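Participant: Okay, here's the structure, questions in a sec.
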Amino acid sequence: MKIATWNINGAKARQQGLLTWLEAAKPDVLCLQEIKCVDEAFPREPIEALGYNVAVHGQKGFNGVAILSRAPFDDVSRGLPGDATDEQSRYIEAVIAAGKSTLRLASIYLPNGNPVDTEKFTYKLAWMERLHAHAASLLALEEATVLMGDYNVIPEPADARHPEQWVGDALFQPVSRQAWRRLCHLGFTDAIRATNPGAGVYTFWDYQAGAFQKDNGIRIDHLLLSPEAADRLVAAGVDK
DNA sequence: ATGTCTAGTGAGACTAGA
């Protein structure tokens, strides 16, 4: 089974690229972040025509997450538990059939948190605390679970081409990285790190200044596996 | 060398968010 995650930065603007990639890569599951549209505007029909079931949790203008799955959904829940007043669409969770057992999936768009001296950073840390609590409750289910998406956290210096450029950034703050480690240490496996032990594995490159061409990247998109899922991990990587 | 994107608003030589 092939499982993928992609911060698409606009599902409408990148619809053709999305369809082309689905046809070429043929993932069984694709989690999307930053779809930047309401549920009704998501390009559901052409995706379904390629054989995918679609679950969307969108909002107007910003954020928004979705899960595409060849296997049908047994259950879908929208929003991260822990704060009923949080209106930002950053979390969707689903359960699908996987052979004789089931697989629980979450598409996560963790807050960016910049600038650090504002309420945006406070929101990021509070969101990570809520994710920690929910992730702990999911581990207690002892199911195969994959929590994937744009975590907006650079875990270690080796996860940035130029770590010194990120020292003042919300993505690389010690407290952000500490929250990430606490989450992992609940018992999750970082799939990319586990199968790519060296430095130089990146998932995001800035649009500006030729960052992609220079491979000036950071690793901020992650797939966290429960023990039951990690037992079934074969390989992981980045499709540049 | 902060050099780019997307989407919203409403018609900007715009703004916000990333």
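Residue numbers start at 1 in each chain; chains themselves are named A, B, ... in the order of the structure tokens; ligands are numbered from 1 in the order shown.
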Residues near region 88-100 of chain A, anyone? I mean within 7 Å using only C-alpha atoms (C1' of nucleotides), not counting same-chain ones fewer than 2 positions away, as a PyMOL selection string.
Facilitator: chain A and resi 57-59+63-66+71-80+86+102-110
Participant: Check which residues of chain A sit at most 7 Å from chain B using only C-alpha atoms (C1' of nucleotides), and return one row each with the closest pair of atoms and their distance in Å to one decimal, ordered by chain and rising number, as a tab-separated table.
Facilitator:
```
residue	atom	partner	partner_atom	distance
A:Asn9	CA	B:DT6	C1'	6.7
A:Gly10	CA	B:DT6	C1'	6.1
A:Gly61	CA	B:DA7	C1'	5.5
A:Tyr207	CA	B:DT4	C1'	4.8
A:Gln208	CA	B:DT4	C1'	5.1
A:Ala209	CA	B:DG3	C1'	4.7
```
Participant: Would you mind listing what lies within 10 Å of Asp206 (chain A) as an MDAnalysis selection string, with only C-alpha atoms (C1' of nucleotides) counted and same-chain residues fewer than 4 positions away left out?
Facilitator: (chainID A and resid 210:212 215:218) or (chainID B and resid 4:5 18)
Participant: Mind checking DSSP for region 7-216 of chain A and telling me the strand (DSSP E) residues as an MDAnalysis selection string?
Facilitator: chainID A and resid 7 29:33 53:57 65:69 73:78 91:98 101:109 145:150 189:190 204:205
Participant: So that I have them on file, write out the residues from the current selection with N, CA and C atoms, as a compact mmCIF listing (two decimals), in the first residue's frame.
Facilitator:
```txt
# COMPACT_ATOMS: atom_id res chain seq x y z
N ASN A 7 1.27 19.12 0.65
CA ASN A 7 0.73 20.47 0.82
C ASN A 7 0.62 21.06 -0.57
N VAL A 29 -3.49 6.10 -1.02
CA VAL A 29 -4.01 7.18 -0.18
C VAL A 29 -3.20 8.44 -0.47
N LEU A 30 -3.90 9.57 -0.56
CA LEU A 30 -3.21 10.87 -0.62
C LEU A 30 -3.90 11.82 0.34
N CYS A 31 -3.10 12.35 1.29
CA CYS A 31 -3.61 13.39 2.18
C CYS A 31 -3.13 14.75 1.66
N LEU A 32 -4.06 15.69 1.58
CA LEU A 32 -3.75 17.03 1.07
C LEU A 32 -3.90 18.06 2.18
N GLN A 33 -3.05 19.11 2.10
CA GLN A 33 -3.17 20.25 3.01
C GLN A 33 -3.16 21.54 2.19
N ASN A 53 -12.08 7.69 -3.43
CA ASN A 53 -13.08 8.26 -2.54
C ASN A 53 -12.50 9.53 -1.95
N VAL A 54 -13.36 10.52 -1.66
CA VAL A 54 -12.89 11.85 -1.28
C VAL A 54 -13.57 12.30 0.00
N ALA A 55 -12.77 12.73 0.98
CA ALA A 55 -13.30 13.35 2.21
C ALA A 55 -12.62 14.70 2.38
N VAL A 56 -13.40 15.76 2.52
CA VAL A 56 -12.87 17.12 2.53
C VAL A 56 -13.27 17.84 3.82
N HIS A 57 -12.32 18.64 4.34
CA HIS A 57 -12.63 19.57 5.43
C HIS A 57 -12.02 20.91 5.04
N VAL A 65 -8.06 20.74 4.51
CA VAL A 65 -7.39 19.45 4.35
C VAL A 65 -8.35 18.46 3.69
N ALA A 66 -7.78 17.39 3.13
CA ALA A 66 -8.60 16.38 2.47
C ALA A 66 -7.88 15.04 2.52
N ILE A 67 -8.67 13.97 2.37
CA ILE A 67 -8.10 12.62 2.24
C ILE A 67 -8.71 11.98 0.99
N LEU A 68 -7.85 11.45 0.13
CA LEU A 68 -8.27 10.67 -1.04
C LEU A 68 -7.86 9.23 -0.79
N SER A 69 -8.77 8.30 -1.05
CA SER A 69 -8.47 6.89 -0.77
C SER A 69 -9.15 5.97 -1.78
N PHE A 73 -14.21 4.81 2.81
CA PHE A 73 -14.10 5.22 4.20
C PHE A 73 -15.12 4.48 5.05
N ASP A 74 -14.65 3.94 6.17
CA ASP A 74 -15.56 3.37 7.15
C ASP A 74 -16.06 4.45 8.10
N ASP A 75 -15.22 5.49 8.28
CA ASP A 75 -15.57 6.53 9.26
C ASP A 75 -14.74 7.77 8.93
N VAL A 76 -15.33 8.95 9.08
CA VAL A 76 -14.61 10.22 8.84
C VAL A 76 -14.96 11.18 9.96
N SER A 77 -13.93 11.87 10.51
CA SER A 77 -14.20 12.92 11.49
C SER A 77 -13.38 14.16 11.14
N ARG A 78 -14.00 15.32 11.31
CA ARG A 78 -13.39 16.58 10.89
C ARG A 78 -13.09 17.47 12.10
N TYR A 91 -7.48 19.59 10.26
CA TYR A 91 -7.39 18.18 10.65
C TYR A 91 -8.60 17.41 10.14
N ILE A 92 -8.33 16.30 9.48
CA ILE A 92 -9.39 15.36 9.11
C ILE A 92 -8.86 13.95 9.30
N GLU A 93 -9.70 13.08 9.82
CA GLU A 93 -9.28 11.72 10.16
C GLU A 93 -10.28 10.74 9.55
N ALA A 94 -9.76 9.61 9.08
CA ALA A 94 -10.65 8.61 8.48
C ALA A 94 -10.12 7.22 8.75
N VAL A 95 -11.02 6.24 8.66
CA VAL A 95 -10.65 4.84 8.79
C VAL A 95 -11.02 4.15 7.48
N ILE A 96 -10.09 3.38 6.93
CA ILE A 96 -10.36 2.65 5.70
C ILE A 96 -10.04 1.17 5.91
N ALA A 97 -10.55 0.34 5.02
CA ALA A 97 -10.20 -1.08 5.02
C ALA A 97 -8.81 -1.23 4.42
N ALA A 98 -8.00 -2.12 5.02
CA ALA A 98 -6.66 -2.40 4.50
C ALA A 98 -6.46 -3.91 4.60
N SER A 101 -7.52 -6.08 7.78
CA SER A 101 -7.63 -5.19 8.94
C SER A 101 -8.04 -3.78 8.46
N THR A 102 -7.86 -2.79 9.33
CA THR A 102 -8.21 -1.41 8.98
C THR A 102 -6.99 -0.52 9.17
N LEU A 103 -7.07 0.67 8.60
CA LEU A 103 -6.01 1.65 8.72
C LEU A 103 -6.64 2.99 9.06
N ARG A 104 -6.13 3.64 10.12
CA ARG A 104 -6.62 4.97 10.50
C ARG A 104 -5.66 6.00 9.94
N LEU A 105 -6.20 7.03 9.29
CA LEU A 105 -5.40 8.05 8.61
C LEU A 105 -5.80 9.43 9.08
N ALA A 106 -4.81 10.33 9.21
CA ALA A 106 -5.13 11.74 9.47
C ALA A 106 -4.32 12.62 8.53
N SER A 107 -4.99 13.64 7.98
CA SER A 107 -4.33 14.68 7.19
C SER A 107 -4.22 15.91 8.08
N ILE A 108 -2.97 16.35 8.33
CA ILE A 108 -2.67 17.37 9.33
C ILE A 108 -2.04 18.59 8.69
N TYR A 109 -2.60 19.77 8.98
CA TYR A 109 -1.94 21.02 8.57
C TYR A 109 -1.68 21.83 9.84
N THR A 145 -2.05 3.19 12.44
CA THR A 145 -2.45 4.59 12.27
C THR A 145 -1.31 5.37 11.64
N VAL A 146 -1.64 6.24 10.68
CA VAL A 146 -0.66 7.12 10.06
C VAL A 146 -1.16 8.56 10.18
N LEU A 147 -0.40 9.36 10.95
CA LEU A 147 -0.73 10.79 11.11
C LEU A 147 0.24 11.57 10.23
N MET A 148 -0.28 12.09 9.11
CA MET A 148 0.64 12.67 8.12
C MET A 148 0.21 14.05 7.69
N GLY A 149 1.21 14.83 7.24
CA GLY A 149 0.88 16.14 6.72
C GLY A 149 2.02 17.12 6.86
N ASP A 150 1.64 18.39 6.78
CA ASP A 150 2.58 19.51 6.93
C ASP A 150 2.60 19.88 8.40
N THR A 189 6.71 6.34 14.92
CA THR A 189 7.89 6.25 14.06
C THR A 189 7.79 7.30 12.96
N ASP A 190 8.83 8.13 12.84
CA ASP A 190 8.96 9.12 11.77
C ASP A 190 9.42 8.35 10.52
N PHE A 204 10.24 20.64 1.50
CA PHE A 204 9.75 21.98 1.14
C PHE A 204 10.92 22.86 0.74
N TRP A 205 10.71 23.61 -0.32
CA TRP A 205 11.68 24.59 -0.79
C TRP A 205 10.92 25.88 -1.03
```
Participant: Would you mind listing what lies within 8 Å of Asn152 (chain A) as an MDAnalysis selection string, with only C-alpha atoms (C1' of nucleotides) counted and same-chain residues fewer than 3 positions away left out?
Facilitator: chainID A and resid 109:112 171 220:221
